[in-house]
Amino acid sequence: MKPNLTVEIGSILLKNPVMTASGTFGYGQEFADYLDLNCLGGIITKGLSLKPRAGNPTPRIVETCGGMLNAIGLQNVGIDEFIEKKVPYYRTIDTRVIANFFGTTVEEYAELAGRLDAIPEVAGMEVNISCPNVKQGGIVFGTDPAAAAAVVTAVRERTTKPVIVKLSPNVTDIVAMALACQEAGADALSVINTITAMAIDLKTRRPVLANITGGLSGPAIKPIALRMVWQVSRAVKIPVIGIGGIMTATDALEFLLAGATAVQVGTASFLDPGTAGRIVQEMEEYLVSEGISDVRELIGALKV
Amino acid sequence: MQFKSLVISNVELSPGYWRMRMTAPPPFAGSRPGQFLMIKVTEGADPLLRRPFGIFDTGTFVTQFTDCGSQTFLEILYKVVGKGTAMLAALHDGDRLDILGPLGRGFTPGDPAGEKILVGGGIGLAPLYFLARELVGTSRVRLFAGGRSREDILCITEFERLGVETYVATDDGSLGDRGFVTQVLEKHLLSAKDATIFACGPMPMLQATAEIARRHNVPCQVSLEAFMACGMGACLGCVVKGKEHRDDHPDYRCVCKEGPVFDHCDLLWEKGEGGNS
């Protein structure tokens, strides 16, 4: 028998727990040639802002052992072009589209939430309070529980759609951040964004990235992400979405055991655009081979 | 498209420079000169990301002594510069690779009546061979190849075999003229009729070529190289500044998707910190 793969994030029913992470999957359509988007649990868009943003100078990316650093700087088309040029495509696909967005002030976050709330094709929103690569790209809100709560409260007032808050790992106490967001009305938490890091070129004695520091992603960060998902999911009542270095169904299932209700595939989509689709398939095969009828049985099932 | 490929041959042409031939699915033969590939060198996580390579050649050959019919192939030229390319150089016939491609926008040949001027620096010759093979049927084609020394000048014989007139310049004068290839280019450009320039190589060479093209009012297409994670416009890691770029008016273009071939007029070539150099 076909096992149940559906999970719920707030009021959003996902057909399976596998989504694609913001900033690694464009707006979705870019990947349509490489996998069936309809097989995904959801697509998280590139982070959106009120106005288009240019992003950082180059070099913006560099590979490091088991991962990569990026300092893209939230380059995006802006909410208006998103609505005009990207949203119509979402009517042609059958998966949940969640819009990731960020502001530089609480008011901007609120305004964007209101704009996104009015788009029927957008099932929910992921609030980015954790981009490490721009001075006012949300990280100020991502490291202070009171500031995070202020953003979430303002967003909550402008939308009835599920609000997911994407947390930064670059804090002393991620549980305090998680609790503040839950208290302020978040429906779910995405854990984690990239880890601030750097790479140095000995020959030139310069940082490799023009931004000096960047966000580390890829398999190198999986153990840290697992630990944070475990810590956060034990402390909160709302669902946690696990992110960090997921390359295979095994990785994804480990996040579920740690307490994640769903996962997002990020960097892996860069090296193999079909990764997320393959993980869905392998996850189902695992459930069948283990005789597990419902993927939800695995959520938080870690034996400690 | 994404496909698994078998290495057919992998040969060192010159110290550190390699030429690899591998299998490709039949639709690959429709790729355009200037388009590129993203190759996953190993199945493991180190190196993690794919590496971009220009297409040196593609076509079909008939497999001898079997009934298999024709086989589509592709070739790349590459220089061993790091761990990924070193692993590539260690591969033998029969080894497998995972390839995405053809990707990006290639060269636009333009009016066949005009002369075609190819300018290549070092490994930048790779996409120009594929282009030359297409152009020689209809146009006069000249190649200006540059490098540090004679060991950096690749596949000149292959170009000559196509009927391309070749001019070489090396920094140390060990082959051809001593100096920059762009100096040789400028000397000969005046004799060219309705020329179009197609250039691929290091950024300073492209900048000098674009400057010459601008001065002589000659159309010029440049193929850029950039760090990239995905090759399909998602990571936004490979952007370059477009002609309208200003601090308060960003105009970034993806090398992978909007390029790698650009009209030189569409890019910002400002000297110093503001431009793409």
# chains A, B, ... in the order shown; residues from 1 in each chain; ligands from 1

call {"tool": "interface_residues", "arguments": {"of": "chain B", "to": "chain A", "cutoff": "8 Å", "atoms": "only C-alpha atoms", "output": "list in words"}}
result
Met1, Gln2, Lys40, Ala45, Asp46, Pro47, Leu48, Leu49, Arg50, Phe227, Met228, Ala229, Cys230, Gly231, Met232, Gly233, Ala234, Cys235, Leu236, Gly237, Cys238, Val239, Val240, His249, Pro250, Asp251 and Tyr252 of chain B

call {"tool": "write_last_selection", "arguments": {"atoms": "C-alpha atoms", "output": "CSV table (one decimal), in the first residue's frame"}}
result
chain,number,residue,atom,x,y,z
B,1,MET,CA,19.3,18.3,-20.3
B,2,GLN,CA,21.0,16.2,-17.7
B,40,LYS,CA,30.0,16.8,-11.7
B,45,ALA,CA,30.8,15.8,-1.8
B,46,ASP,CA,34.3,17.0,-2.4
B,47,PRO,CA,34.3,18.8,-4.7
B,48,LEU,CA,30.7,19.5,-4.1
B,49,LEU,CA,29.7,21.7,-7.0
B,50,ARG,CA,29.8,21.1,-10.7
B,227,PHE,CA,32.3,31.1,-10.6
B,228,MET,CA,28.9,29.6,-10.6
B,229,ALA,CA,27.1,27.0,-8.4
B,230,CYS,CA,24.2,26.0,-10.6
B,231,GLY,CA,24.6,27.1,-14.2
B,232,MET,CA,20.9,27.7,-14.6
B,233,GLY,CA,20.2,31.1,-13.2
B,234,ALA,CA,19.2,30.1,-9.7
B,235,CYS,CA,22.2,30.8,-7.5
B,236,LEU,CA,23.0,34.3,-8.8
B,237,GLY,CA,26.6,33.8,-8.0
B,238,CYS,CA,28.0,34.4,-11.5
B,239,VAL,CA,26.6,37.8,-12.3
B,240,VAL,CA,28.5,40.6,-14.2
B,249,HIS,CA,20.5,51.4,-10.6
B,250,PRO,CA,21.7,47.8,-10.5
B,251,ASP,CA,22.1,46.0,-13.8
B,252,TYR,CA,23.5,42.6,-13.0

call {"tool": "residues_around", "arguments": {"residues": "segment 16-18 of chain B", "least_positions_apart": "6", "cutoff": "6 Å", "atoms": "only C-alpha atoms", "output": "NGL selection string"}}
result
:B and (77-80)

call {"tool": "write_last_selection", "arguments": {"atoms": "N, CA and C atoms", "output": "JSON list (two decimals), in the first residue's frame"}}
result
[["chain", "number", "residue", "atom", "x", "y", "z"],
["B", 77, "LEU", "N", 38.06, 21.15, -23.59],
["B", 77, "LEU", "CA", 39.47, 21.42, -23.30],
["B", 77, "LEU", "C", 39.47, 21.98, -21.90],
["B", 78, "TYR", "N", 40.40, 21.53, -21.07],
["B", 78, "TYR", "CA", 40.43, 22.12, -19.73],
["B", 78, "TYR", "C", 41.86, 22.21, -19.22],
["B", 79, "LYS", "N", 42.02, 23.10, -18.27],
["B", 79, "LYS", "CA", 43.32, 23.32, -17.65],
["B", 79, "LYS", "C", 43.19, 22.87, -16.20],
["B", 80, "VAL", "N", 44.16, 22.14, -15.72],
["B", 80, "VAL", "CA", 44.11, 21.70, -14.32],
["B", 80, "VAL", "C", 44.48, 22.90, -13.43]]

call {"tool": "atom_distance", "arguments": {"atom1": "atom CA of Gly122 of chain B", "atom2": "atom CA of Leu154 of chain B"}}
result
7.3 Å

call {"tool": "residues_around", "arguments": {"residues": "Leu175 of chain B", "least_positions_apart": "6", "cutoff": "10 Å", "atoms": "only C-alpha atoms", "output": "NGL selection string"}}
result
:B and (146-153 or 167-169)

call {"tool": "write_last_selection", "arguments": {"atoms": "C-alpha atoms", "output": "CSV table (one decimal), in the first residue's frame"}}
result
chain,number,residue,atom,x,y,z
B,146,GLY,CA,47.5,34.3,-27.1
B,147,GLY,CA,49.1,32.9,-24.0
B,148,ARG,CA,52.0,33.2,-21.6
B,149,SER,CA,54.2,30.8,-23.6
B,150,ARG,CA,54.1,28.3,-26.4
B,151,GLU,CA,52.7,25.7,-24.0
B,152,ASP,CA,49.6,27.8,-23.5
B,153,ILE,CA,48.8,27.9,-27.2
B,167,TYR,CA,48.2,34.4,-35.6
B,168,VAL,CA,49.9,33.7,-32.3
B,169,ALA,CA,51.3,36.0,-29.6

call {"tool": "closest_residue", "arguments": {"among": "B:Ser223, B:Thr85, B:Gln35, B:Gln71", "to": "Gly106 of chain B", "atoms": "only C-alpha atoms"}}
result
B:Gln35

call {"tool": "residues_around", "arguments": {"residues": "Ala184 of chain A", "least_positions_apart": "5", "cutoff": "12 Å", "atoms": "only C-alpha atoms", "output": "VMD selection string"}}
result
chain A and resid 145 to 157 163 to 165 177 to 179 238

call {"tool": "write_last_selection", "arguments": {"atoms": "C-alpha atoms", "output": "short mmCIF file (atom, residue, chain, number, x, y, z; two decimals), in the first residue's frame"}}
result
data_model
loop_
_atom_site.label_atom_id
_atom_site.label_comp_id
_atom_site.auth_asym_id
_atom_site.auth_seq_id
_atom_site.Cartn_x
_atom_site.Cartn_y
_atom_site.Cartn_z
CA PRO A 145 14.11 37.91 20.29
CA ALA A 146 12.20 41.13 20.94
CA ALA A 147 12.94 42.49 17.43
CA ALA A 148 11.95 39.14 15.90
CA ALA A 149 8.70 39.15 17.84
CA ALA A 150 7.95 42.68 16.63
CA VAL A 151 8.32 41.58 13.00
CA VAL A 152 6.21 38.46 13.46
CA THR A 153 3.48 40.39 15.28
CA ALA A 154 3.33 42.96 12.49
CA VAL A 155 3.25 40.27 9.79
CA ARG A 156 0.63 38.28 11.69
CA GLU A 157 -1.68 41.30 11.73
CA VAL A 163 3.51 32.46 8.64
CA ILE A 164 6.78 30.57 8.78
CA VAL A 165 9.79 32.28 10.33
CA MET A 177 14.43 33.10 19.20
CA ALA A 178 12.09 30.23 18.40
CA LEU A 179 9.96 30.79 21.50
CA ILE A 238 4.52 24.65 16.24
#

call {"tool": "residues_around", "arguments": {"residues": "Leu125 of chain B", "least_positions_apart": "3", "cutoff": "8 Å", "atoms": "only C-alpha atoms", "output": "count of residues only"}}
result
10

call {"tool": "atom_distance", "arguments": {"atom1": "atom CA of Val164 of chain B", "atom2": "atom CA of Leu13 of chain B"}}
result
20.0 Å

call {"tool": "residues_around", "arguments": {"residues": "segment 93-95 of chain A", "least_positions_apart": "6", "cutoff": "9 Å", "atoms": "only C-alpha atoms", "output": "list in words"}}
result
Leu14, Lys15, Leu37, Asn38, Cys39, Leu40, Gly41, Gly42 and Ile43 of chain A

call {"tool": "write_last_selection", "arguments": {"atoms": "C-alpha atoms", "output": "short mmCIF file (atom, residue, chain, number, x, y, z; two decimals), in the first residue's frame"}}
result
data_model
loop_
_atom_site.label_atom_id
_atom_site.label_comp_id
_atom_site.auth_asym_id
_atom_site.auth_seq_id
_atom_site.Cartn_x
_atom_site.Cartn_y
_atom_site.Cartn_z
CA LEU A 14 1.85 19.44 1.84
CA LYS A 15 1.67 16.36 -0.39
CA LEU A 37 7.58 20.35 -9.87
CA ASN A 38 4.23 18.72 -9.09
CA CYS A 39 5.99 15.97 -7.16
CA LEU A 40 7.33 18.45 -4.59
CA GLY A 41 5.75 19.17 -1.22
CA GLY A 42 6.37 22.84 -1.81
CA ILE A 43 8.52 25.52 -3.39
#

call {"tool": "atom_distance", "arguments": {"atom1": "atom CA of Leu100 of chain B", "atom2": "atom CA of Gly82 of chain B"}}
result
20.5 Å

call {"tool": "select_by_dssp", "arguments": {"residues": "segment 31-154 of chain B", "states": "helix (DSSP H, G or I)", "output": "PyMOL selection string"}}
result
chain B and resi 83-89+122-135+150-152

call {"tool": "write_last_selection", "arguments": {"atoms": "N, CA and C atoms", "output": "PDB file, in the first residue's frame"}}
result
ATOM      1  N   LYS B  83      41.341  21.140  -7.456  1.00  0.00           N
ATOM      2  CA  LYS B  83      41.014  19.763  -7.136  1.00  0.00           C
ATOM      3  C   LYS B  83      40.069  19.134  -8.172  1.00  0.00           C
ATOM      4  N   GLY B  84      39.047  19.887  -8.582  1.00  0.00           N
ATOM      5  CA  GLY B  84      38.058  19.339  -9.517  1.00  0.00           C
ATOM      6  C   GLY B  84      38.680  18.956 -10.848  1.00  0.00           C
ATOM      7  N   THR B  85      39.462  19.875 -11.413  1.00  0.00           N
ATOM      8  CA  THR B  85      40.066  19.594 -12.711  1.00  0.00           C
ATOM      9  C   THR B  85      41.173  18.543 -12.588  1.00  0.00           C
ATOM     10  N   ALA B  86      41.824  18.467 -11.424  1.00  0.00           N
ATOM     11  CA  ALA B  86      42.833  17.419 -11.227  1.00  0.00           C
ATOM     12  C   ALA B  86      42.154  16.043 -11.228  1.00  0.00           C
ATOM     13  N   MET B  87      40.973  15.957 -10.636  1.00  0.00           N
ATOM     14  CA  MET B  87      40.245  14.687 -10.632  1.00  0.00           C
ATOM     15  C   MET B  87      39.791  14.322 -12.043  1.00  0.00           C
ATOM     16  N   LEU B  88      39.423  15.354 -12.795  1.00  0.00           N
ATOM     17  CA  LEU B  88      39.002  15.128 -14.175  1.00  0.00           C
ATOM     18  C   LEU B  88      40.170  14.554 -14.991  1.00  0.00           C
ATOM     19  N   ALA B  89      41.353  15.101 -14.742  1.00  0.00           N
ATOM     20  CA  ALA B  89      42.535  14.659 -15.487  1.00  0.00           C
ATOM     21  C   ALA B  89      42.908  13.213 -15.158  1.00  0.00           C
ATOM     22  N   GLY B 122      44.674  31.442 -23.937  1.00  0.00           N
ATOM     23  CA  GLY B 122      44.807  30.201 -23.166  1.00  0.00           C
ATOM     24  C   GLY B 122      43.656  29.251 -23.411  1.00  0.00           C
ATOM     25  N   ILE B 123      43.039  28.823 -22.345  1.00  0.00           N
ATOM     26  CA  ILE B 123      41.973  27.829 -22.415  1.00  0.00           C
ATOM     27  C   ILE B 123      40.716  28.418 -23.076  1.00  0.00           C
ATOM     28  N   GLY B 124      40.714  29.731 -23.263  1.00  0.00           N
ATOM     29  CA  GLY B 124      39.611  30.411 -23.937  1.00  0.00           C
ATOM     30  C   GLY B 124      39.460  30.007 -25.400  1.00  0.00           C
ATOM     31  N   LEU B 125      40.437  29.265 -25.924  1.00  0.00           N
ATOM     32  CA  LEU B 125      40.307  28.782 -27.303  1.00  0.00           C
ATOM     33  C   LEU B 125      39.209  27.732 -27.430  1.00  0.00           C
ATOM     34  N   ALA B 126      38.862  27.103 -26.303  1.00  0.00           N
ATOM     35  CA  ALA B 126      37.957  25.946 -26.360  1.00  0.00           C
ATOM     36  C   ALA B 126      36.662  26.201 -27.138  1.00  0.00           C
ATOM     37  N   PRO B 127      35.859  27.200 -26.769  1.00  0.00           N
ATOM     38  CA  PRO B 127      34.599  27.377 -27.498  1.00  0.00           C
ATOM     39  C   PRO B 127      34.797  27.917 -28.906  1.00  0.00           C
ATOM     40  N   LEU B 128      35.989  28.493 -29.168  1.00  0.00           N
ATOM     41  CA  LEU B 128      36.231  29.104 -30.484  1.00  0.00           C
ATOM     42  C   LEU B 128      36.448  28.051 -31.568  1.00  0.00           C
ATOM     43  N   TYR B 129      36.912  26.866 -31.169  1.00  0.00           N
ATOM     44  CA  TYR B 129      37.099  25.816 -32.163  1.00  0.00           C
ATOM     45  C   TYR B 129      35.750  25.361 -32.721  1.00  0.00           C
ATOM     46  N   PHE B 130      34.812  25.124 -31.794  1.00  0.00           N
ATOM     47  CA  PHE B 130      33.458  24.734 -32.192  1.00  0.00           C
ATOM     48  C   PHE B 130      32.848  25.810 -33.098  1.00  0.00           C
ATOM     49  N   LEU B 131      33.087  27.070 -32.739  1.00  0.00           N
ATOM     50  CA  LEU B 131      32.570  28.180 -33.536  1.00  0.00           C
ATOM     51  C   LEU B 131      33.245  28.209 -34.915  1.00  0.00           C
ATOM     52  N   ALA B 132      34.563  28.041 -34.928  1.00  0.00           N
ATOM     53  CA  ALA B 132      35.313  28.087 -36.197  1.00  0.00           C
ATOM     54  C   ALA B 132      34.807  27.005 -37.145  1.00  0.00           C
ATOM     55  N   ARG B 133      34.553  25.835 -36.590  1.00  0.00           N
ATOM     56  CA  ARG B 133      34.100  24.721 -37.420  1.00  0.00           C
ATOM     57  C   ARG B 133      32.785  25.071 -38.126  1.00  0.00           C
ATOM     58  N   GLU B 134      31.952  25.843 -37.407  1.00  0.00           N
ATOM     59  CA  GLU B 134      30.686  26.256 -38.012  1.00  0.00           C
ATOM     60  C   GLU B 134      30.877  27.376 -39.037  1.00  0.00           C
ATOM     61  N   LEU B 135      31.827  28.275 -38.762  1.00  0.00           N
ATOM     62  CA  LEU B 135      31.975  29.467 -39.609  1.00  0.00           C
ATOM     63  C   LEU B 135      32.750  29.227 -40.894  1.00  0.00           C
ATOM     64  N   ARG B 150      54.555  29.164 -25.331  1.00  0.00           N
ATOM     65  CA  ARG B 150      54.089  28.257 -26.383  1.00  0.00           C
ATOM     66  C   ARG B 150      53.237  27.118 -25.825  1.00  0.00           C
ATOM     67  N   GLU B 151      53.489  26.780 -24.553  1.00  0.00           N
ATOM     68  CA  GLU B 151      52.726  25.681 -23.957  1.00  0.00           C
ATOM     69  C   GLU B 151      51.268  26.054 -23.693  1.00  0.00           C
ATOM     70  N   ASP B 152      50.976  27.344 -23.700  1.00  0.00           N
ATOM     71  CA  ASP B 152      49.594  27.777 -23.468  1.00  0.00           C
ATOM     72  C   ASP B 152      48.807  27.970 -24.762  1.00  0.00           C
TER      73      ASP B 152
END

call {"tool": "select_by_dssp", "arguments": {"residues": "segment 142-195 of chain B", "states": "strand (DSSP E)", "output": "NGL selection string"}}
result
:B and (142-147 or 165-170 or 177-178)

call {"tool": "closest_residue", "arguments": {"among": "B:Arg51, B:Met38, B:Ile156, B:Lys193", "to": "Pro112 of chain B", "atoms": "only C-alpha atoms"}}
result
B:Lys193

call {"tool": "residues_around", "arguments": {"residues": "Asp80 of chain A", "least_positions_apart": "3", "cutoff": "10 Å", "atoms": "only C-alpha atoms", "output": "ChimeraX atom specification"}}
result
/A:48-52,77,83-86,115
